[in-house]
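**Q** This is the content of target.txt (compact mmCIF, C-alpha atoms):
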# COMPACT_ATOMS: atom_id res chain seq x y z
CA MET O 1 77.62 63.74 136.49
CA PRO O 2 78.95 66.73 134.55
CA THR O 3 82.47 67.78 135.50
CA ALA O 4 83.91 71.08 134.31
CA VAL O 5 86.21 70.95 131.27
CA GLU O 6 88.83 73.70 131.21
CA LEU O 7 88.07 76.00 128.31
CA PRO O 8 91.33 75.57 126.35
CA LYS O 9 90.54 71.86 126.14
CA ALA O 10 86.86 72.24 125.28
CA TYR O 11 87.57 71.79 121.56
CA ARG O 12 88.47 68.17 122.30
CA LEU O 13 84.84 67.41 123.02
CA LEU O 14 84.04 68.11 119.35
CA ASN O 15 87.33 67.38 117.62
CA HIS O 16 86.40 63.81 116.64
CA GLY O 17 83.33 65.04 114.78
CA PRO O 18 80.41 63.71 116.82
CA THR O 19 76.76 64.46 116.13
CA VAL O 20 75.36 66.97 118.63
CA LEU O 21 72.06 68.11 120.09
CA VAL O 22 71.55 71.88 119.78
CA SER O 23 69.42 73.31 122.56
CA SER O 24 67.98 76.77 122.81
CA ALA O 25 65.54 78.80 124.91
CA HIS O 26 63.89 82.21 124.77
CA GLY O 27 60.80 83.83 126.22
CA GLY O 28 59.54 80.66 127.89
CA ARG O 29 59.99 78.48 124.80
CA ARG O 30 62.78 75.98 124.35
CA ASN O 31 63.85 73.35 121.87
CA VAL O 32 66.41 70.63 121.16
CA MET O 33 67.38 69.52 117.64
CA ALA O 34 70.01 67.12 116.36
CA ALA O 35 72.84 68.40 114.13
CA ALA O 36 75.62 66.50 112.41
CA TRP O 37 77.14 69.71 111.05
CA ALA O 38 79.07 71.16 113.98
CA MET O 39 82.82 71.53 114.48
CA PRO O 40 85.45 73.41 116.49
CA LEU O 41 86.60 76.75 115.07
CA ASP O 42 89.30 77.83 117.55
CA PHE O 43 91.18 76.67 120.63
CA ASP O 44 91.38 79.53 123.14
CA PRO O 45 89.00 81.16 123.57
CA PRO O 46 87.22 78.10 122.24
CA LYS O 47 84.82 78.68 119.37
CA VAL O 48 82.54 76.40 117.40
CA THR O 49 80.44 76.50 114.25
CA VAL O 50 77.09 74.82 113.69
CA VAL O 51 74.61 74.88 110.81
CA ILE O 52 71.08 75.86 111.92
CA ASP O 53 68.50 75.80 109.13
CA ARG O 54 66.43 78.95 108.72
CA HIS O 55 63.16 77.04 108.94
CA THR O 56 63.73 75.63 112.42
CA LEU O 57 62.39 76.73 115.78
CA THR O 58 65.96 76.45 117.04
CA ARG O 59 66.96 79.18 114.59
CA GLU O 60 64.30 81.54 116.01
CA LEU O 61 65.32 80.86 119.58
CA VAL O 62 69.06 81.15 118.93
CA GLU O 63 68.66 84.42 117.04
CA ALA O 64 66.41 85.82 119.76
CA SER O 65 68.53 84.72 122.72
CA GLY O 66 72.04 84.96 121.26
CA CYS O 67 73.05 81.63 122.72
CA PHE O 68 72.86 77.87 122.25
CA ALA O 69 74.19 74.75 123.89
CA LEU O 70 75.66 71.64 122.28
CA SER O 71 75.14 68.31 124.08
CA LEU O 72 76.84 65.12 122.87
CA PRO O 73 74.44 62.17 122.74
CA THR O 74 75.49 58.56 123.16
CA ARG O 75 74.81 55.23 121.59
CA ALA O 76 72.05 54.72 124.15
CA LEU O 77 70.38 57.91 122.85
CA ALA O 78 70.59 57.07 119.12
CA ALA O 79 66.85 56.65 118.59
CA GLN O 80 66.08 59.81 120.57
CA THR O 81 68.72 61.72 118.60
CA LEU O 82 67.21 60.59 115.32
CA ALA O 83 63.75 61.67 116.49
CA LEU O 84 65.05 65.09 117.56
CA GLY O 85 66.55 65.51 114.11
CA THR O 86 63.35 64.45 112.36
CA ASP O 87 60.53 66.22 114.20
CA SER O 88 60.33 70.01 114.21
CA GLY O 89 59.61 72.07 117.31
CA LYS O 90 57.50 74.30 115.07
CA SER O 91 54.98 71.65 114.09
CA MET O 92 55.32 69.71 117.38
CA PRO O 93 55.30 72.27 120.20
CA ASN O 94 55.57 69.52 122.85
CA LYS O 95 58.50 67.86 121.03
CA LEU O 96 60.66 67.51 124.16
CA ASP O 97 57.87 65.80 126.08
CA VAL O 98 56.97 63.52 123.16
CA HIS O 99 60.56 62.31 122.96
CA ALA O 100 61.11 62.18 126.72
CA VAL O 101 63.97 64.67 126.63
CA ARG O 102 65.10 65.67 130.08
CA THR O 103 67.27 68.71 130.60
CA PHE O 104 69.19 70.48 133.33
CA PRO O 105 70.17 74.13 133.56
CA ALA O 106 73.32 75.52 131.99
CA THR O 107 75.47 77.80 134.12
CA LYS O 108 76.06 80.81 131.85
CA ILE O 109 73.28 80.75 129.28
CA GLU O 110 69.54 80.25 129.22
CA ALA O 111 69.57 77.24 126.85
CA PRO O 112 69.28 73.97 128.78
CA LEU O 113 71.66 70.98 128.64
CA VAL O 114 70.40 67.49 127.75
CA GLU O 115 70.50 64.71 130.34
CA GLY O 116 72.15 61.42 129.41
CA CYS O 117 74.69 63.10 127.13
CA VAL O 118 78.43 62.88 127.84
CA GLY O 119 79.67 66.36 126.84
CA TRP O 120 78.15 69.83 126.94
CA LEU O 121 79.26 73.18 125.49
CA GLU O 122 77.54 76.42 126.51
CA CYS O 123 77.91 78.92 123.66
CA ARG O 124 77.24 82.59 122.97
CA VAL O 125 76.65 83.53 119.34
CA ILE O 126 79.46 85.47 117.64
CA ALA O 127 77.63 87.79 115.25
CA GLU O 128 78.51 87.02 111.64
CA PRO O 129 75.31 88.13 109.90
CA GLN O 130 76.44 87.25 106.39
CA ALA O 131 77.39 83.67 107.29
CA GLN O 132 74.10 83.30 109.18
CA GLN O 133 71.89 84.74 106.47
CA ARG O 134 73.56 83.29 103.40
CA HIS O 135 74.66 79.91 104.72
CA ASP O 136 72.72 79.19 107.95
CA LEU O 137 76.16 79.03 109.58
CA PHE O 138 76.41 80.07 113.22
CA LEU O 139 79.61 80.79 115.12
CA GLY O 140 79.71 80.57 118.89
CA GLU O 141 82.16 81.20 121.69
CA VAL O 142 82.23 78.43 124.26
CA VAL O 143 81.74 80.05 127.67
CA ALA O 144 81.49 76.85 129.75
CA ALA O 145 82.10 73.16 129.00
CA TRP O 146 81.27 69.95 130.85
CA ALA O 147 81.84 66.25 130.43
CA ASP O 148 80.81 62.94 131.97
CA GLU O 149 84.00 61.89 133.71
CA ARG O 150 83.27 58.23 133.05
CA VAL O 151 84.32 58.88 129.43
CA PHE O 152 86.17 62.24 129.45
CA SER O 153 88.69 63.36 132.06
CA ASN O 154 91.94 65.30 132.10
CA GLY O 155 91.17 66.64 128.64
CA ARG O 156 90.81 63.15 127.09
CA TRP O 157 88.11 60.79 125.95
CA HIS O 158 88.33 57.31 127.51
CA PHE O 159 85.60 55.33 125.79
CA ASP O 160 87.45 52.03 126.00
CA ALA O 161 87.18 51.95 129.79
CA ALA O 162 83.43 52.63 129.92
CA PRO O 163 80.26 50.87 128.76
CA ASP O 164 79.71 50.97 124.98
CA ALA O 165 76.36 52.68 125.66
CA LEU O 166 78.34 55.84 126.50
CA ARG O 167 80.15 56.11 123.15
CA THR O 168 79.38 59.16 121.04
CA LEU O 169 77.61 59.06 117.65
CA HIS O 170 78.39 60.08 114.08
CA TYR O 171 75.33 60.45 111.87
CA VAL O 172 75.38 59.47 108.21
CA ALA O 173 71.85 59.46 106.71
CA GLY O 174 68.58 57.51 106.74
CA GLY O 175 68.73 56.68 110.44
CA GLN O 176 72.26 55.28 110.25
CA PHE O 177 74.94 56.27 112.72
CA PHE O 178 78.47 55.14 113.35
CA VAL O 179 79.53 54.75 116.95
CA THR O 180 82.91 56.26 117.88
CA GLY O 181 85.31 53.34 117.52
CA GLU O 182 88.65 52.10 118.69
CA ALA O 183 91.32 54.51 119.95
CA LEU O 184 94.56 54.59 117.99
CA ASP O 185 97.82 56.30 118.97
CA ALA O 186 99.45 57.27 115.66
CA ARG O 187 102.78 57.96 117.39
CA ARG O 188 102.98 54.27 118.23
CA HIS O 189 101.16 53.00 115.18
CA ASP O 190 103.24 51.05 112.72
CA THR O 191 101.64 51.41 109.31
CA MET V 192 89.87 52.96 92.67
CA PRO V 193 87.88 56.20 92.85
CA THR V 194 84.29 55.94 91.71
CA ALA V 195 82.18 59.05 91.14
CA VAL V 196 79.79 60.05 93.93
CA GLU V 197 76.69 61.89 92.73
CA LEU V 198 76.87 65.44 94.02
CA PRO V 199 73.65 65.48 96.11
CA LYS V 200 75.11 62.60 98.13
CA ALA V 201 78.61 64.03 98.47
CA TYR V 202 77.81 65.41 101.95
CA ARG V 203 77.63 61.82 103.19
CA LEU V 204 81.38 61.49 102.76
CA LEU V 205 81.85 64.09 105.52
CA ASN V 206 78.67 63.73 107.53
CA HIS V 207 80.20 61.40 110.15
CA GLY V 208 82.89 63.96 110.99
CA PRO V 209 86.11 62.35 109.75
CA THR V 210 89.50 64.02 109.77
CA VAL V 211 90.53 65.12 106.28
CA LEU V 212 93.64 65.96 104.28
CA VAL V 213 93.42 69.39 102.62
CA SER V 214 95.38 69.58 99.38
CA SER V 215 96.17 72.65 97.35
CA ALA V 216 98.30 73.75 94.40
CA HIS V 217 99.27 76.99 92.72
CA GLY V 218 102.07 78.18 90.48
CA GLY V 219 103.99 74.94 90.59
CA ARG V 220 103.79 74.57 94.38
CA ARG V 221 101.50 72.16 96.16
CA ASN V 222 100.80 71.01 99.69
CA VAL V 223 98.77 68.61 101.80
CA MET V 224 97.85 69.26 105.43
CA ALA V 225 95.64 67.40 107.89
CA ALA V 226 92.52 69.08 109.30
CA ALA V 227 90.06 67.83 111.89
CA TRP V 228 87.90 70.92 111.51
CA ALA V 229 85.88 70.31 108.37
CA MET V 230 82.16 69.66 107.92
CA PRO V 231 79.32 69.75 105.37
CA LEU V 232 77.50 73.06 104.97
CA ASP V 233 74.79 72.22 102.44
CA PHE V 234 73.31 69.33 100.46
CA ASP V 235 72.69 70.44 96.86
CA PRO V 236 74.75 72.02 95.54
CA PRO V 237 77.01 70.44 98.16
CA LYS V 238 79.11 72.84 100.20
CA VAL V 239 81.69 72.34 102.94
CA THR V 240 83.55 74.42 105.49
CA VAL V 241 87.13 73.91 106.65
CA VAL V 242 89.40 75.88 108.98
CA ILE V 243 92.74 76.80 107.34
CA ASP V 244 95.13 78.65 109.64
CA ARG V 245 96.56 81.90 108.29
CA HIS V 246 100.15 80.79 108.91
CA THR V 247 100.02 77.75 106.66
CA LEU V 248 101.29 77.21 103.12
CA THR V 249 97.91 75.67 102.38
CA ARG V 250 96.29 79.03 103.15
CA GLU V 251 98.53 80.77 100.61
CA LEU V 252 97.84 78.21 97.93
CA VAL V 253 94.09 78.09 98.53
CA GLU V 254 93.77 81.87 98.48
CA ALA V 255 95.87 82.10 95.31
CA SER V 256 94.13 79.27 93.43
CA GLY V 257 90.57 79.55 94.75
CA CYS V 258 90.27 75.83 95.23
CA PHE V 259 91.13 72.93 97.53
CA ALA V 260 90.50 69.22 97.75
CA LEU V 261 89.56 67.15 100.79
CA SER V 262 90.77 63.53 100.90
CA LEU V 263 89.65 61.14 103.65
CA PRO V 264 92.55 59.17 105.13
CA THR V 265 92.21 55.72 106.63
CA ARG V 266 93.43 53.86 109.64
CA ALA V 267 96.36 52.64 107.54
CA LEU V 268 97.33 56.29 106.98
CA ALA V 269 97.09 57.42 110.61
CA ALA V 270 100.82 58.04 111.08
CA GLN V 271 101.08 59.86 107.75
CA THR V 272 98.02 61.96 108.62
CA LEU V 273 99.55 62.94 111.95
CA ALA V 274 102.81 63.91 110.20
CA LEU V 275 100.94 66.01 107.63
CA GLY V 276 99.22 67.84 110.45
CA THR V 277 102.46 68.42 112.35
CA ASP V 278 105.00 69.51 109.72
CA SER V 279 104.49 72.73 107.78
CA GLY V 280 104.97 73.03 104.05
CA LYS V 281 106.50 76.43 104.74
CA SER V 282 109.42 75.17 106.80
CA MET V 283 109.62 71.82 104.97
CA PRO V 284 109.30 72.53 101.22
CA ASN V 285 109.70 68.84 100.37
CA LYS V 286 107.03 67.81 102.91
CA LEU V 287 105.15 65.54 100.52
CA ASP V 288 108.32 63.63 99.59
CA VAL V 289 109.45 63.36 103.21
CA HIS V 290 106.15 61.79 104.17
CA ALA V 291 105.83 59.67 101.03
CA VAL V 292 102.55 61.27 99.99
CA ARG V 293 101.44 60.15 96.57
CA THR V 294 98.77 62.04 94.69
CA PHE V 295 96.71 61.79 91.55
CA PRO V 296 95.05 64.56 89.53
CA ALA V 297 91.64 65.94 90.34
CA THR V 298 89.20 66.39 87.47
CA LYS V 299 87.95 69.95 87.94
CA ILE V 300 90.55 71.73 90.04
CA GLU V 301 94.32 72.03 90.16
CA ALA V 302 94.73 70.69 93.71
CA PRO V 303 95.72 67.01 93.70
CA LEU V 304 93.94 64.12 95.45
CA VAL V 305 95.78 61.87 97.92
CA GLU V 306 96.32 58.20 97.11
CA GLY V 307 95.29 55.60 99.66
CA CYS V 308 92.36 57.68 100.89
CA VAL V 309 88.75 56.45 100.57
CA GLY V 310 86.86 59.65 99.75
CA TRP V 311 87.69 62.81 97.82
CA LEU V 312 85.90 66.15 97.44
CA GLU V 313 87.02 68.68 94.82
CA CYS V 314 86.06 72.16 96.04
CA ARG V 315 86.00 75.73 94.74
CA VAL V 316 86.22 78.47 97.35
CA ILE V 317 83.01 80.43 97.99
CA ALA V 318 84.25 83.94 98.75
CA GLU V 319 83.35 84.94 102.30
CA PRO V 320 86.18 87.37 103.08
CA GLN V 321 85.07 88.19 106.61
CA ALA V 322 84.86 84.55 107.70
CA GLN V 323 88.25 83.88 106.08
CA GLN V 324 90.01 86.88 107.57
CA ARG V 325 88.48 86.90 111.04
CA HIS V 326 88.07 83.18 111.66
CA ASP V 327 90.30 81.30 109.14
CA LEU V 328 87.04 79.72 108.01
CA PHE V 329 86.78 78.70 104.35
CA LEU V 330 83.60 77.73 102.53
CA GLY V 331 83.75 75.63 99.39
CA GLU V 332 81.36 74.30 96.80
CA VAL V 333 81.94 70.64 95.99
CA VAL V 334 82.31 70.37 92.20
CA ALA V 335 83.24 66.67 92.03
CA ALA V 336 83.31 63.82 94.56
CA TRP V 337 84.81 60.35 94.56
CA ALA V 338 84.92 57.33 96.83
CA ASP V 339 86.63 53.96 97.11
CA GLU V 340 83.80 51.59 96.31
CA ARG V 341 85.17 48.98 98.70
CA VAL V 342 83.83 51.17 101.54
CA PHE V 343 81.38 53.63 99.92
CA SER V 344 78.82 52.80 97.24
CA ASN V 345 75.25 53.78 96.38
CA GLY V 346 75.61 56.80 98.64
CA ARG V 347 76.52 54.74 101.74
CA TRP V 348 79.57 53.83 103.76
CA HIS V 349 80.09 50.06 104.18
CA PHE V 350 83.04 49.79 106.53
CA ASP V 351 81.84 46.55 108.12
CA ALA V 352 82.30 44.60 104.88
CA ALA V 353 85.88 45.82 104.24
CA PRO V 354 89.25 45.51 105.97
CA ASP V 355 89.58 47.62 109.13
CA ALA V 356 92.58 49.35 107.51
CA LEU V 357 90.09 51.21 105.28
CA ARG V 358 88.09 52.79 108.11
CA THR V 359 88.18 56.57 108.36
CA LEU V 360 89.74 58.53 111.23
CA HIS V 361 88.61 61.05 113.84
CA TYR V 362 91.44 63.06 115.42
CA VAL V 363 91.40 64.08 119.05
CA ALA V 364 94.78 65.47 120.17
CA GLY V 365 98.35 64.42 120.96
CA GLY V 366 98.54 61.82 118.20
CA GLN V 367 95.34 60.10 119.26
CA PHE V 368 92.63 59.18 116.76
CA PHE V 369 89.43 57.25 116.96
CA VAL V 370 88.63 54.91 114.13
CA THR V 371 85.09 55.06 112.73
CA GLY V 372 83.29 52.33 114.65
CA GLU V 373 80.30 50.08 114.44
CA ALA V 374 77.29 50.97 112.27
CA LEU V 375 73.99 51.44 114.08
CA ASP V 376 70.52 51.78 112.56
CA ALA V 377 68.55 53.95 114.97
CA ARG V 378 65.25 53.04 113.32
CA ARG V 379 65.81 49.47 114.49
CA HIS V 380 67.66 50.31 117.68
CA ASP V 381 65.85 49.53 120.88
CA THR V 382 67.19 51.83 123.57
Once you've parsed the file, please lay out its structure as structure tokens.

**A**
Amino acid sequence: MPTAVELPKAYRLLNHGPTVLVSSAHGGRRNVMAAAWAMPLDFDPPKVTVVIDRHTLTRELVEASGCFALSLPTRALAAQTLALGTDSGKSMPNKLDVHAVRTFPATKIEAPLVEGCVGWLECRVIAEPQAQQRHDLFLGEVVAAWADERVFSNGRWHFDAAPDALRTLHYVAGGQFFVTGEALDARRHDT
Amino acid sequence: MPTAVELPKAYRLLNHGPTVLVSSAHGGRRNVMAAAWAMPLDFDPPKVTVVIDRHTLTRELVEASGCFALSLPTRALAAQTLALGTDSGKSMPNKLDVHAVRTFPATKIEAPLVEGCVGWLECRVIAEPQAQQRHDLFLGEVVAAWADERVFSNGRWHFDAAPDALRTLHYVAGGQFFVTGEALDARRHDT
């Protein structure tokens, strides 16, 4: 179940570089696409960046609505994540049904959040027209954040104490992901 | 030993979201800082983004030289990476000596590359003054890329076949990293 993450710690959901699902909605249409190119941009207020290709339905919906959500998929959702990064909502209007994507409402934006994920960031676009037009680069302010408390609580990820199916993903290419691995405390790490 | 990575596959060095070391040099001064906020921005020509705080020495050197390098540290370098993200080259002019950072020359830019890392991206700044000034966000074109062939060859990471000490890192907060974990092929993954 999603538990609220306090905004100054929302960057920690993305800090380890996981692959995300970008969801969007406008005028009765909605979409979810996978994106490996997302990262934090600031702590407080929390901001993020994400690359959204100009040929995608997501791009249309984000530009029209001024908002997007990032959901963090898990190992159990790897095949679904790959499919959502492969098929386009433009050529497959029923993409979410085809890939059995279930969503639940966000609290502050229209874009939905994806069920089965373990972290969620509700974002409003920060207008940077040049970055958007030249580089497909979108900036967003995080206006609400949520996490599955089985793996994230008190501002920390705790993958080691939960089933491996709940670990986050890091996409490489050609269908290959890495799963988020072992935790390491560098203050106690003797190199 | 660094082996050349063909430029259209250079994004794969960063695609899984690892923490990087940002190196810079200008006018006889040089620096290396850690950054968790870096990601690919485009495939070919390859481009990257990285957040470089306005109070850092790295920022001065990158703005003066118009270039930076990203090196990918390993599990074995976790403590050094944390130190390079904690201490400032401004208040500690001998930072690289203090933390025993050894470097070797890049091929196309002045900024040095960090020894012991497993991937290296030589980058020239793409001028986007508004993103730099408002958001500390730097864009760079990758002009050369290298990898340690023990873990990256033919455009692919191969961590499973190498010592765990060579796995890349994903920073969270408070000295805690995750190590890049198990590889997963979603085309063959039965969820």

**Q** Distance CA of Arg134 (chain O)-CA of Ala34 (chain O), one decimal place?

**A**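 Distance reported for this atom pair: 21.0 Å.
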
**Q** Any chance you could fit chain O onto chain V with least squares, all Cα atoms in order, and share the moved copy as a compact mmCIF listing (two decimals) with C-alpha atoms, in the coordinates of the input?

**A**
# COMPACT_ATOMS: atom_id res chain seq x y z
CA MET O 1 89.85 52.94 92.66
CA PRO O 2 87.88 56.19 92.88
CA THR O 3 84.28 55.94 91.71
CA ALA O 4 82.19 59.05 91.14
CA VAL O 5 79.80 60.05 93.94
CA GLU O 6 76.72 61.90 92.74
CA LEU O 7 76.88 65.45 94.03
CA PRO O 8 73.66 65.47 96.10
CA LYS O 9 75.12 62.60 98.12
CA ALA O 10 78.62 64.04 98.48
CA TYR O 11 77.81 65.42 101.95
CA ARG O 12 77.64 61.83 103.19
CA LEU O 13 81.38 61.50 102.77
CA LEU O 14 81.85 64.10 105.53
CA ASN O 15 78.67 63.74 107.56
CA HIS O 16 80.20 61.41 110.16
CA GLY O 17 82.88 63.96 110.98
CA PRO O 18 86.10 62.35 109.75
CA THR O 19 89.51 64.01 109.78
CA VAL O 20 90.54 65.12 106.28
CA LEU O 21 93.64 65.96 104.28
CA VAL O 22 93.42 69.39 102.61
CA SER O 23 95.38 69.58 99.39
CA SER O 24 96.16 72.64 97.35
CA ALA O 25 98.29 73.74 94.39
CA HIS O 26 99.26 76.99 92.70
CA GLY O 27 102.07 78.20 90.47
CA GLY O 28 103.98 74.92 90.57
CA ARG O 29 103.79 74.56 94.36
CA ARG O 30 101.49 72.16 96.16
CA ASN O 31 100.81 71.00 99.68
CA VAL O 32 98.77 68.60 101.80
CA MET O 33 97.84 69.26 105.44
CA ALA O 34 95.64 67.40 107.89
CA ALA O 35 92.51 69.07 109.31
CA ALA O 36 90.05 67.83 111.89
CA TRP O 37 87.89 70.93 111.51
CA ALA O 38 85.88 70.31 108.36
CA MET O 39 82.15 69.67 107.93
CA PRO O 40 79.33 69.74 105.38
CA LEU O 41 77.50 73.06 104.97
CA ASP O 42 74.78 72.21 102.43
CA PHE O 43 73.31 69.32 100.46
CA ASP O 44 72.71 70.42 96.86
CA PRO O 45 74.76 72.02 95.55
CA PRO O 46 77.01 70.45 98.15
CA LYS O 47 79.11 72.84 100.20
CA VAL O 48 81.67 72.34 102.94
CA THR O 49 83.55 74.41 105.49
CA VAL O 50 87.12 73.91 106.65
CA VAL O 51 89.39 75.88 108.97
CA ILE O 52 92.73 76.80 107.34
CA ASP O 53 95.13 78.65 109.64
CA ARG O 54 96.55 81.89 108.30
CA HIS O 55 100.13 80.78 108.91
CA THR O 56 100.01 77.73 106.65
CA LEU O 57 101.29 77.21 103.13
CA THR O 58 97.91 75.67 102.37
CA ARG O 59 96.29 79.02 103.15
CA GLU O 60 98.53 80.78 100.60
CA LEU O 61 97.84 78.21 97.92
CA VAL O 62 94.09 78.09 98.53
CA GLU O 63 93.77 81.87 98.48
CA ALA O 64 95.86 82.09 95.31
CA SER O 65 94.14 79.27 93.43
CA GLY O 66 90.57 79.56 94.74
CA CYS O 67 90.28 75.83 95.23
CA PHE O 68 91.14 72.93 97.52
CA ALA O 69 90.50 69.23 97.76
CA LEU O 70 89.56 67.15 100.79
CA SER O 71 90.79 63.53 100.90
CA LEU O 72 89.65 61.14 103.65
CA PRO O 73 92.55 59.17 105.13
CA THR O 74 92.22 55.72 106.65
CA ARG O 75 93.42 53.84 109.65
CA ALA O 76 96.36 52.63 107.56
CA LEU O 77 97.33 56.29 106.98
CA ALA O 78 97.09 57.43 110.63
CA ALA O 79 100.81 58.04 111.11
CA GLN O 80 101.08 59.85 107.76
CA THR O 81 98.03 61.96 108.63
CA LEU O 82 99.56 62.95 111.95
CA ALA O 83 102.81 63.91 110.22
CA LEU O 84 100.95 66.01 107.63
CA GLY O 85 99.22 67.83 110.46
CA THR O 86 102.47 68.42 112.34
CA ASP O 87 105.00 69.50 109.72
CA SER O 88 104.49 72.73 107.78
CA GLY O 89 104.97 73.03 104.03
CA LYS O 90 106.51 76.43 104.73
CA SER O 91 109.42 75.17 106.78
CA MET O 92 109.62 71.81 104.95
CA PRO O 93 109.31 72.54 101.22
CA ASN O 94 109.70 68.83 100.35
CA LYS O 95 107.04 67.81 102.91
CA LEU O 96 105.14 65.52 100.50
CA ASP O 97 108.30 63.63 99.57
CA VAL O 98 109.46 63.36 103.19
CA HIS O 99 106.15 61.77 104.16
CA ALA O 100 105.83 59.66 101.02
CA VAL O 101 102.55 61.27 99.98
CA ARG O 102 101.44 60.15 96.56
CA THR O 103 98.77 62.04 94.68
CA PHE O 104 96.69 61.79 91.54
CA PRO O 105 95.06 64.56 89.54
CA ALA O 106 91.63 65.94 90.35
CA THR O 107 89.21 66.38 87.47
CA LYS O 108 87.95 69.95 87.93
CA ILE O 109 90.55 71.72 90.03
CA GLU O 110 94.31 72.03 90.15
CA ALA O 111 94.72 70.69 93.71
CA PRO O 112 95.72 67.02 93.69
CA LEU O 113 93.94 64.12 95.45
CA VAL O 114 95.78 61.87 97.92
CA GLU O 115 96.33 58.20 97.10
CA GLY O 116 95.28 55.59 99.65
CA CYS O 117 92.36 57.69 100.89
CA VAL O 118 88.77 56.44 100.58
CA GLY O 119 86.85 59.65 99.75
CA TRP O 120 87.70 62.80 97.83
CA LEU O 121 85.91 66.15 97.43
CA GLU O 122 87.04 68.68 94.83
CA CYS O 123 86.06 72.16 96.04
CA ARG O 124 86.00 75.73 94.74
CA VAL O 125 86.22 78.46 97.36
CA ILE O 126 83.01 80.43 97.98
CA ALA O 127 84.25 83.94 98.77
CA GLU O 128 83.34 84.95 102.32
CA PRO O 129 86.19 87.37 103.09
CA GLN O 130 85.06 88.19 106.61
CA ALA O 131 84.84 84.54 107.70
CA GLN O 132 88.24 83.89 106.09
CA GLN O 133 90.00 86.89 107.58
CA ARG O 134 88.47 86.91 111.04
CA HIS O 135 88.09 83.19 111.67
CA ASP O 136 90.30 81.31 109.16
CA LEU O 137 87.04 79.71 108.01
CA PHE O 138 86.78 78.69 104.37
CA LEU O 139 83.61 77.74 102.53
CA GLY O 140 83.74 75.63 99.40
CA GLU O 141 81.37 74.28 96.80
CA VAL O 142 81.95 70.64 95.99
CA VAL O 143 82.30 70.37 92.21
CA ALA O 144 83.25 66.67 92.02
CA ALA O 145 83.30 63.83 94.57
CA TRP O 146 84.81 60.34 94.56
CA ALA O 147 84.92 57.33 96.82
CA ASP O 148 86.63 53.96 97.12
CA GLU O 149 83.79 51.60 96.31
CA ARG O 150 85.15 48.99 98.70
CA VAL O 151 83.82 51.17 101.54
CA PHE O 152 81.37 53.64 99.92
CA SER O 153 78.83 52.79 97.23
CA ASN O 154 75.28 53.80 96.38
CA GLY O 155 75.61 56.82 98.64
CA ARG O 156 76.53 54.74 101.72
CA TRP O 157 79.56 53.83 103.76
CA HIS O 158 80.08 50.07 104.19
CA PHE O 159 83.04 49.78 106.54
CA ASP O 160 81.85 46.55 108.12
CA ALA O 161 82.32 44.62 104.88
CA ALA O 162 85.88 45.83 104.24
CA PRO O 163 89.26 45.52 105.96
CA ASP O 164 89.59 47.62 109.14
CA ALA O 165 92.59 49.35 107.52
CA LEU O 166 90.10 51.21 105.29
CA ARG O 167 88.10 52.80 108.13
CA THR O 168 88.18 56.58 108.37
CA LEU O 169 89.76 58.54 111.25
CA HIS O 170 88.62 61.06 113.84
CA TYR O 171 91.44 63.06 115.40
CA VAL O 172 91.38 64.08 119.05
CA ALA O 173 94.77 65.49 120.17
CA GLY O 174 98.34 64.44 120.96
CA GLY O 175 98.54 61.84 118.20
CA GLN O 176 95.33 60.10 119.26
CA PHE O 177 92.64 59.18 116.77
CA PHE O 178 89.43 57.25 116.98
CA VAL O 179 88.64 54.90 114.13
CA THR O 180 85.09 55.07 112.74
CA GLY O 181 83.27 52.35 114.65
CA GLU O 182 80.28 50.09 114.44
CA ALA O 183 77.28 50.98 112.27
CA LEU O 184 73.98 51.43 114.08
CA ASP O 185 70.51 51.77 112.54
CA ALA O 186 68.56 53.96 114.98
CA ARG O 187 65.26 53.04 113.31
CA ARG O 188 65.79 49.47 114.47
CA HIS O 189 67.66 50.28 117.64
CA ASP O 190 65.86 49.50 120.86
CA THR O 191 67.18 51.83 123.53

**Q** Using all atoms listed in the file and a cut-off of 8 Å, which residues of chain V sit close to chain O? Please list them as a short mmCIF file (atom, residue, chain, number, x, y, z; two decimals) with C-alpha atoms, in the coordinates of the input.

**A**
data_model
loop_
_atom_site.label_atom_id
_atom_site.label_comp_id
_atom_site.auth_asym_id
_atom_site.auth_seq_id
_atom_site.Cartn_x
_atom_site.Cartn_y
_atom_site.Cartn_z
CA ARG V 203 77.63 61.82 103.19
CA ASN V 206 78.67 63.73 107.53
CA HIS V 207 80.20 61.40 110.15
CA GLY V 208 82.89 63.96 110.99
CA PRO V 209 86.11 62.35 109.75
CA THR V 210 89.50 64.02 109.77
CA ALA V 227 90.06 67.83 111.89
CA TRP V 228 87.90 70.92 111.51
CA ALA V 229 85.88 70.31 108.37
CA MET V 230 82.16 69.66 107.92
CA PRO V 231 79.32 69.75 105.37
CA LEU V 232 77.50 73.06 104.97
CA VAL V 242 89.40 75.88 108.98
CA ALA V 267 96.36 52.64 107.54
CA LEU V 268 97.33 56.29 106.98
CA ALA V 269 97.09 57.42 110.61
CA ALA V 270 100.82 58.04 111.08
CA LEU V 273 99.55 62.94 111.95
CA GLU V 319 83.35 84.94 102.30
CA ALA V 322 84.86 84.55 107.70
CA HIS V 326 88.07 83.18 111.66
CA LEU V 328 87.04 79.72 108.01
CA HIS V 361 88.61 61.05 113.84
CA TYR V 362 91.44 63.06 115.42
CA VAL V 363 91.40 64.08 119.05
CA ALA V 364 94.78 65.47 120.17
CA GLY V 366 98.54 61.82 118.20
CA GLN V 367 95.34 60.10 119.26
CA PHE V 368 92.63 59.18 116.76
CA PHE V 369 89.43 57.25 116.96
CA VAL V 370 88.63 54.91 114.13
CA THR V 371 85.09 55.06 112.73
CA GLY V 372 83.29 52.33 114.65
CA GLU V 373 80.30 50.08 114.44
CA ALA V 374 77.29 50.97 112.27
CA LEU V 375 73.99 51.44 114.08
CA ASP V 376 70.52 51.78 112.56
CA ALA V 377 68.55 53.95 114.97
CA ARG V 378 65.25 53.04 113.32
CA HIS V 380 67.66 50.31 117.68
CA ASP V 381 65.85 49.53 120.88
CA THR V 382 67.19 51.83 123.57
#
